[in-house]
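Single-structure report; data block below.
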Amino acid sequence: MVSWTKLPDKNPIAVFHPEFGVSFSYPYRERVEFLKTTTMDGSISMKNVTHQDIGLYHCSVQTFPQGPWTRNIQVEDLDEPPEDNNSTEPSPLEDIMVDTELVAEQSNNLTISCKHPHNGTIDQVVLERMLDGHPWVIIGICKKVEGGLVGEDYSDRGRVNCADSLDLSLHLTDVSPGDSGFYRCTFNTDVGVQTTVAQLKVAQLKVAPPGTQRNTQDVNSTP
């Protein structure tokens with residue numbers, strides 16, 4: 001029997017038994033298969049690899065009468081998340097055409113969505129963020145690969161969601177002034193590349209100066 005586990009989780013992601021067949025955990029179905037080039041080959045092949053597949057994998061082979069055999073394999077990231085046009089320079093603010101302006105209050109929650117253009121069939125959506133004085137950085141990708149859906153989350157703030165309809169969104173919790181900036185959606189379609197840009201402004205909470213007291217009697221009194 002062959003069992004593959006992605007550490008530090010203890011639940012197998014792929015299991016092969018010569019009598020009972022194969023079993024895969026839900027996130028790996030349709031993506032992982034056993035090669036079985038020989039009777040003692042427990043190798044697996046994985047397709048549609050994303051950033052979430054990086055990590056340490058543990059393979060355990062149970063044989064008779066030789067006994068168990070194990071090996072750990074590290075899957076590493078060859079590079080950083082892709083950069084837009086290989087450019088590290090931020091775009092001049094006056095050159096950015098804003099389609100939507102968003103205003104959020106500090107500490108609230110907010111969802112930034114990539115809304116599809118009205119024309120063309122979309123096969124990939126890329127969400128980027130540009131904070132003040134920084135270059136554009138990819139924070140999420142949603143694409144179709146061989147008939148399947150692949151979502152990649154590179155965001156260090158919030159959670160990127162990728163829906164079957166290629167609706168890509170970023171959900172921010174406890175919004176802070178540091179989230180202010182530009183968010184660009186790039187759609188790859190059969191009629192060309194189309195983009196939309198949203199500008200987010202976070203209103204800071206007003207804090208009363210130390211020692212200031214609110215006169216509740218004056219507020220509630222009637223002249």
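How things are named: the first chain in the structure tokens is A, the next is B, and so on; residues count from 1 in each chain; ligands count from 1 in the order shown.
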
Need the shell around Leu166 in chain A: protein/DNA/RNA residues with any atom at most 10 Å away, counting only C-alpha atoms. Skip same-chain ones fewer than 6 positions apart. Format as a count of residues only?
15

Just the residues within 12 Å of Ser155 in chain A, please, counting only C-alpha atoms, with nothing from its chain fewer than 6 positions along; format it as a PDB file with C-alpha atoms, in the first residue's frame.
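Written out: around-v4.pdb:
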ATOM      1  CA  HIS A  51       1.072  28.159  -5.139  1.00  0.00           C
ATOM      2  CA  PRO A  81       4.395  35.455  -7.985  1.00  0.00           C
ATOM      3  CA  LEU A 127      -6.154  40.935  -9.677  1.00  0.00           C
ATOM      4  CA  GLU A 128      -3.329  43.342  -8.824  1.00  0.00           C
ATOM      5  CA  ARG A 129      -2.793  45.928  -6.112  1.00  0.00           C
ATOM      6  CA  VAL A 137       1.749  43.334  -7.348  1.00  0.00           C
ATOM      7  CA  ILE A 138      -0.345  40.312  -8.342  1.00  0.00           C
ATOM      8  CA  ILE A 139      -2.502  39.165  -5.430  1.00  0.00           C
ATOM      9  CA  GLY A 140      -4.862  36.723  -7.145  1.00  0.00           C
ATOM     10  CA  ILE A 141      -5.381  34.715 -10.338  1.00  0.00           C
ATOM     11  CA  ASN A 161     -12.004  33.805  -3.975  1.00  0.00           C
ATOM     12  CA  SER A 169     -12.852  38.815  -5.562  1.00  0.00           C
ATOM     13  CA  LEU A 170     -10.772  39.944  -2.592  1.00  0.00           C
ATOM     14  CA  HIS A 171     -12.454  39.934   0.812  1.00  0.00           C
ATOM     15  CA  LEU A 172     -10.821  42.268   3.324  1.00  0.00           C
ATOM     16  CA  ASP A 179      -5.299  48.960   2.322  1.00  0.00           C
TER      17      ASP A 179
END

Given only C-alpha atoms as the counted atoms, nearest of A:Ala163, A:Ile112, A:Val75, A:Val145 to Asn48 in chain A:
A:Val145

DSSP-assigned strand (DSSP E or B) members of chain A, reported as a PyMOL selection string:
chain A and resi 2-6+12-17+21-24+32-34+44-46+55-63+67-75+100-105+110-114+122-130+137-145+148-153+159-162+168-172+181-189+192-203

For CA of Ile44 in chain A and CA of Pro65 in chain A, determine how far apart the two atoms are, in Å to one decimal place.
23.4 Å

Fewer than 3 positions away in the same chain doesn't count, so skip those; otherwise give me all residues within 8 Å of Leu7 in chain A, counting only C-alpha atoms, as a list in words.
Lys10, Gly55, Leu56, Tyr57 and His58 of chain A

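Among the residues of range 9-156 of chain A, backbone DSSP assigns helix (DSSP H, G or I) to Tyr26, Pro27, Tyr28, His51, Gln52, Asp53, Asp84, Asn85, Asn86, Leu93, Glu94 and Asp95 of chain A.
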
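Of note, CA of Glu146 in chain A and CA of Thr195 in chain A are spaced 24.2 Å apart.
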
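Here the question is which of A:Gln194, A:Asn188, A:Ser3, A:Gln199 gets nearest to Gln62 in chain A using only C-alpha atoms, and that residue is A:Ser3.
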
Counting only C-alpha atoms, the residue of A:Asn11, A:Ser23, A:Thr5, A:Ser180 that sits nearest Glu101 in chain A:
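Looking at the shortest contact to Glu101 in chain A, the residue is A:Ser180.
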
Determine, counting only C-alpha atoms, which protein, DNA and RNA residues have an atom within 10 Å of an atom of Ala203 in chain A; residues of the same chain fewer than 3 positions away are not included. Present the result as a PyMOL selection string.
chain A and resi 103-107+175-177+180+200+206

One-decimal distance in Å that lies between CA of Thr50 in chain A and CA of Thr70 in chain A
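Atom-to-atom, CA of Thr70 in chain A to CA of Thr50 in chain A, that is 25.2 Å.
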
Show me, as number ranges by chain, the residues that have an atom within 9 Å of Tyr28 in chain A when counting only C-alpha atoms, minus same-chain residues fewer than 4 positions from it.
A: 13-14, 24, 32, 46
